[in-house]
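> For reference, the structure I am asking about is given below.
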Amino acid sequence: MRKSIKKAFPYLLLAFGVIVCSAILEGYLSIYMMKIVDSTIGGNKDLFKDQAKTLLIIAALLLPTSILSSYTLGLYKKKALVAIKGDYIKEVFDKNINEFQRDNNAKYLSAITNDMNTIEINYINGILEAGRNIIRFILAVAIIAFISPWALAIGLGISILSTLLAVFLGKPLQKHHNQRSELFEGYTSYIKEVLGAFHIIKSNDLSNKVYKDFYGKSKDIQEKGYLIDKIYTYFSAAENFLISTSFLGITAIVIYMSLIGKVTFGGVVLIVNNLEKLIFPIMEFVEWIPKIFSVKTIFIKLEDTLLNQGDYKETLELENFNNSIKIKDLSFSYEDNNVLNNISLELKKGEKYLIIGPSGGGKSTLLKLLRKYFNPNKGAIYIDDNNLMDITKESYFKNISNVEQQVFLFEDTLRNNITLYKEYTEEEINDVIDKSGLKEFVEGLPKGLDTMIYDNGKNISGGERSRVAIARGLLSKSNIIFLDEAFASLDTKVAKEIEETLLDLEDITVINVSHIIFEDTKEKYDGIFKIINSRVTII
Ligand SMILES: Nc1ncnc2c1ncn2[C@@H]1O[C@H](COP(=O)(O)OP(=O)(O)OP(=O)(O)O)[C@@H](O)[C@H]1O
C-alpha cells in the first residue's frame, strides 16, 4: 500500500521544492536584516537606504511562495489519497471469490473508511509536516551556524533528546493504533449488520439490545482513542518542558556572548528569532514521527486483507465450451468436514441438469466447485478435457453465468442492468429480452429499457429479477448457466415459468441446484442428481 502513496512522490518533491525556495528567501531576508541592524547601530545608515527596495521585493515574494506551498502540499495529499484508495479497491477486486466470501466484508469497509482516514491524518499529513519542519530546521541551522556554532550545538543537543523521546514513545502507540483499528473493524461490521436487520430488530423489539451493544462498542473505541490522546499528552508535556527550559538556557548564553563581544546585537536578535525555527520544527517533527510509525501496523493489516492464499498458476485460456464437463473422483472438505466424496459425473453441452438433496448435503459446495470459486481437494473437473484448475478465472467466467436467489441490481436503468455496461446492438438486446421472458414486462414500462431500477431492485419483482439475471447470461453468450436456489423466493407459477424458459434455451447447459422440484417439468431435465451423504446418485 505504501507503494501506492509513492506514486504521488513527484508532487511531494514539487511541494518541498516550493518550501525550500520560500525558506531560502526567508533566510536571505533574515541575514540581510541582521547586517542592516548592525550597520545602523554602528552609525552607518547607507546600507539600509541601498537595500530597502530589494528587501521589500523579497518580503513581497514570500506571499506568493507561501500560497504556492499550501497549494502544492494540498495537491500531493489529494494525489496520494486517490492513489492509495483506488489501488486498494482495485486489489480487493483481484481477490479470489471464495477468499473474499470467507471474510466478513466489513473488514474492507473499515479499511477504506477508518484505516484510510488514519493514514491520511497520521501518515500523509505526517510526511508533509515532517518534511516541512526539516526544511525549516535546516534553514535555522544554517542561519545560527553562520552566527554562532556554540548556540547551534546546544540547540542540536535538545533536538537529539526530543527525537529519542519520540522513538521511545512510538512503540506503545503503534500497538494502541492497531488495537483501535481492530475495534473499528468490529464496530463497522456491527453497524452494517444491525442496519441490514432493521426490520427484524424493530419487529422483535430488539432496539434496546442493539442500543446496549452499540453503546459498549462505541465506548471501547472512544476509550482507546482517549488512551492514545493521553499518551500523546504525556509526550507533549515532557517535550514542552525540555524545550522551554532549553530555550531559556540558550537565550541566556547568547546574551552572555553578546556581552563579551562574541555576537553582535543583530546576531542576538537573529539567533533568538531563529531558535524558534530550530526548536519548534524539531518539536513538531518529533510529534509527527510516532504518528507516522504508528501507521506501519495499519499498512500491514491492509496488505493482509488483500492477500490471496491460493497461488496456483492458471495457464489455460478457455475460448469456448464445446463438449462436456467431467467431474472425476472429486472429493472436497471444509477443514475436517468432508462434504463431497469421490464424485464422478458427466454433463453434456446444451443439456439441462437438476441437482437435489437434503439441506447441508453439499449441493451448493458442488456448484461452487463448478463455478471455480475454489478447487477440489482430490480429483478434478474437466471442461472439454481441460482441468478447470488450469483454466484462468477470467476466461472461465466469460463462459458461465449465475442466477441466484438474490440477484444484485445496480441503481441504474434496466438496460444497463441487463447489458452490465457492455456494448450490444438493439437487436441483440431485444433477442435476449424475448428469450428470457422479459418482453411483456419491458413493453409494459412507460420508459421501457430506460426505466430506472432503484435501491437494488425494490421496484421490480423477484421473478423479474431472475429473468434479468438470465438475460445477462444470454447476452454475454454464456455457455453454462448455474442456478443456486434461484426459485426459492418466487411463487410457484413464476418459478415454473422461469424454469421452463431455461429448459427451452438451445445450446446452453443449465445446472440447477434446487430444493424445489416441479413434477411437470422434471421430465424435461436430461439428468437429475441427488447429493446425499457426500455421494451423488443419479435419479
Ligand atoms: N464456507 C464453509 N465453511 C465451512 N463449512 C461449510 C461452508 N459452507 C458449507 N459448509 C458446510 O458444508 C456442508 C455442505 O454445505 P452446502 O451449503 O454445500 O449444502 P447444501 O446441500 O447446499 O445445503 P442447503 O440446501 O441447506 O443450501 C454443510 O455441513 C455446511 O455446514
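Convention: chains lettered A, B, ... in C-alpha cells order; per-chain residue numbering from 1; ligands numbered from 1 as shown.
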Would you name the residues within 12 Å of ligand 1, counting only C-alpha atoms and all ligand atoms, and put them as a PDB file with C-alpha atoms, in the first residue's frame?


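File result-v1.pdb, as written:
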```pdb
ATOM      1  CA  ILE A  97     -14.139 -15.092  -4.894  1.00  0.00           C
ATOM      2  CA  ASN A  98     -14.004 -17.794  -2.208  1.00  0.00           C
ATOM      3  CA  GLU A  99     -11.421 -15.905  -0.168  1.00  0.00           C
ATOM      4  CA  PHE A 100     -13.453 -12.708  -0.339  1.00  0.00           C
ATOM      5  CA  GLN A 101     -16.628 -14.557   0.661  1.00  0.00           C
ATOM      6  CA  ARG A 102     -14.899 -16.265   3.577  1.00  0.00           C
ATOM      7  CA  ASP A 103     -14.189 -12.888   5.190  1.00  0.00           C
ATOM      8  CA  ASN A 104     -16.694 -10.533   6.689  1.00  0.00           C
ATOM      9  CA  PHE A 332     -13.892 -31.836  -1.052  1.00  0.00           C
ATOM     10  CA  SER A 333     -13.845 -30.951   2.614  1.00  0.00           C
ATOM     11  CA  TYR A 334     -14.038 -27.735   4.618  1.00  0.00           C
ATOM     12  CA  GLU A 335     -11.143 -28.332   7.021  1.00  0.00           C
ATOM     13  CA  ASP A 336     -12.162 -31.681   8.588  1.00  0.00           C
ATOM     14  CA  ASN A 337     -15.794 -31.616   7.381  1.00  0.00           C
ATOM     15  CA  ASN A 338     -15.837 -33.982   4.424  1.00  0.00           C
ATOM     16  CA  VAL A 339     -18.654 -32.713   2.203  1.00  0.00           C
ATOM     17  CA  LEU A 340     -18.149 -34.482  -1.122  1.00  0.00           C
ATOM     18  CA  ASN A 341     -16.549 -37.889  -1.526  1.00  0.00           C
ATOM     19  CA  ILE A 355     -29.177 -31.236  -8.503  1.00  0.00           C
ATOM     20  CA  ILE A 356     -31.256 -32.035  -5.426  1.00  0.00           C
ATOM     21  CA  GLY A 357     -30.618 -33.401  -1.949  1.00  0.00           C
ATOM     22  CA  PRO A 358     -31.135 -32.741   1.748  1.00  0.00           C
ATOM     23  CA  SER A 359     -30.093 -29.480   3.351  1.00  0.00           C
ATOM     24  CA  GLY A 360     -26.378 -29.430   4.186  1.00  0.00           C
ATOM     25  CA  GLY A 361     -25.738 -32.326   1.789  1.00  0.00           C
ATOM     26  CA  GLY A 362     -23.216 -30.437  -0.338  1.00  0.00           C
ATOM     27  CA  LYS A 363     -25.205 -29.173  -3.367  1.00  0.00           C
ATOM     28  CA  SER A 364     -24.023 -25.571  -3.093  1.00  0.00           C
ATOM     29  CA  THR A 365     -20.468 -26.776  -2.487  1.00  0.00           C
ATOM     30  CA  LEU A 366     -20.506 -28.777  -5.735  1.00  0.00           C
ATOM     31  CA  LEU A 367     -21.874 -25.709  -7.504  1.00  0.00           C
ATOM     32  CA  LYS A 368     -19.108 -23.542  -6.051  1.00  0.00           C
ATOM     33  CA  LEU A 369     -16.532 -26.028  -7.319  1.00  0.00           C
ATOM     34  CA  TYR A 373     -14.806 -20.403  -6.530  1.00  0.00           C
ATOM     35  CA  PHE A 374     -12.324 -22.939  -5.163  1.00  0.00           C
ATOM     36  CA  GLU A 404     -29.049 -16.654  -7.585  1.00  0.00           C
ATOM     37  CA  GLN A 405     -31.899 -16.311  -5.160  1.00  0.00           C
ATOM     38  CA  LEU A 483     -28.731 -21.665 -10.655  1.00  0.00           C
ATOM     39  CA  ASP A 484     -28.474 -21.782  -6.870  1.00  0.00           C
ATOM     40  CA  GLU A 485     -31.911 -21.994  -5.247  1.00  0.00           C
ATOM     41  CA  ALA A 486     -32.982 -19.375  -7.759  1.00  0.00           C
ATOM     42  CA  ALA A 488     -36.707 -20.308  -3.523  1.00  0.00           C
ATOM     43  CA  ASN A 512     -29.893 -26.051 -11.412  1.00  0.00           C
ATOM     44  CA  VAL A 513     -29.376 -26.652  -7.689  1.00  0.00           C
ATOM     45  CA  SER A 514     -32.800 -26.571  -6.076  1.00  0.00           C
ATOM     46  CA  HIS A 515     -34.938 -27.828  -3.232  1.00  0.00           C
ATOM     47  CA  ILE A 516     -37.933 -27.281  -5.425  1.00  0.00           C
ATOM     48  CA  LYS A 530     -29.203 -36.389  -5.728  1.00  0.00           C
ATOM     49  CA  ILE A 531     -26.382 -35.500  -3.316  1.00  0.00           C
ATOM     50  CA  ILE A 532     -26.701 -37.391  -0.070  1.00  0.00           C
ATOM     51  CA  ASN A 533     -24.083 -38.500   2.484  1.00  0.00           C
ATOM     52  CA  SER A 534     -21.262 -36.929   0.462  1.00  0.00           C
ATOM     53  CA  ARG A 535     -22.131 -39.011  -2.604  1.00  0.00           C
ATOM     54  CA  VAL A 536     -24.094 -38.470  -5.786  1.00  0.00           C
TER      55      VAL A 536
END
```

> So which residues touch A:Asn125 within 10 Å, counting only C-alpha atoms, skipping near sequence neighbours fewer than 3 positions away, as JSON, numbers by chain?

{"A": [73, 74, 76, 77, 118, 119, 120, 121, 122, 128, 129, 130, 131, 288, 291, 292]}

> Take the residues from that selection and put them in a file with C-alpha atoms, as a PDB file, in the first residue's frame.


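Saved as part-v7.pdb:
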```
ATOM      1  CA  LEU A  73       1.005  20.400  -0.370  1.00  0.00           C
ATOM      2  CA  GLY A  74      -2.760  20.023  -0.946  1.00  0.00           C
ATOM      3  CA  TYR A  76       0.249  15.970  -3.033  1.00  0.00           C
ATOM      4  CA  LYS A  77      -2.292  14.989  -0.385  1.00  0.00           C
ATOM      5  CA  THR A 118      -5.861   7.252   9.936  1.00  0.00           C
ATOM      6  CA  ILE A 119      -3.418   7.005   7.014  1.00  0.00           C
ATOM      7  CA  GLU A 120      -4.444  10.478   5.853  1.00  0.00           C
ATOM      8  CA  ILE A 121      -4.209  12.066   9.291  1.00  0.00           C
ATOM      9  CA  ASN A 122      -1.107  10.343  10.619  1.00  0.00           C
ATOM     10  CA  LEU A 128       4.187  16.652   4.766  1.00  0.00           C
ATOM     11  CA  GLU A 129       4.616  18.176   8.178  1.00  0.00           C
ATOM     12  CA  ALA A 130       7.819  16.269   8.981  1.00  0.00           C
ATOM     13  CA  GLY A 131       9.316  17.341   5.618  1.00  0.00           C
ATOM     14  CA  TRP A 288       4.812  13.510  13.887  1.00  0.00           C
ATOM     15  CA  LYS A 291       2.279   9.076  14.355  1.00  0.00           C
ATOM     16  CA  ILE A 292       3.982   8.182  11.077  1.00  0.00           C
TER      17      ILE A 292
END
```

> From a backbone DSSP assignment, name each residue in stretch 224-448 of chain A labelled strand (DSSP E or B), as an MDAnalysis selection string.

chainID A and resid 316 324:334 337:348 352:356 378:383 386:387 391 400:404 413

> Atom CA of A:Cys21 to atom CA of A:Ile124: how many Å, to one decimal?

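Separation between atom CA of A:Cys21 and atom CA of A:Ile124: 21.9 Å.
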
> Looking at A:Lys349, A:Lys192, A:Arg415, A:Lys107, which one is nearest to A:Gly448, with distances taken over only C-alpha atoms?

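The answer is A:Arg415, which sits nearest to A:Gly448.
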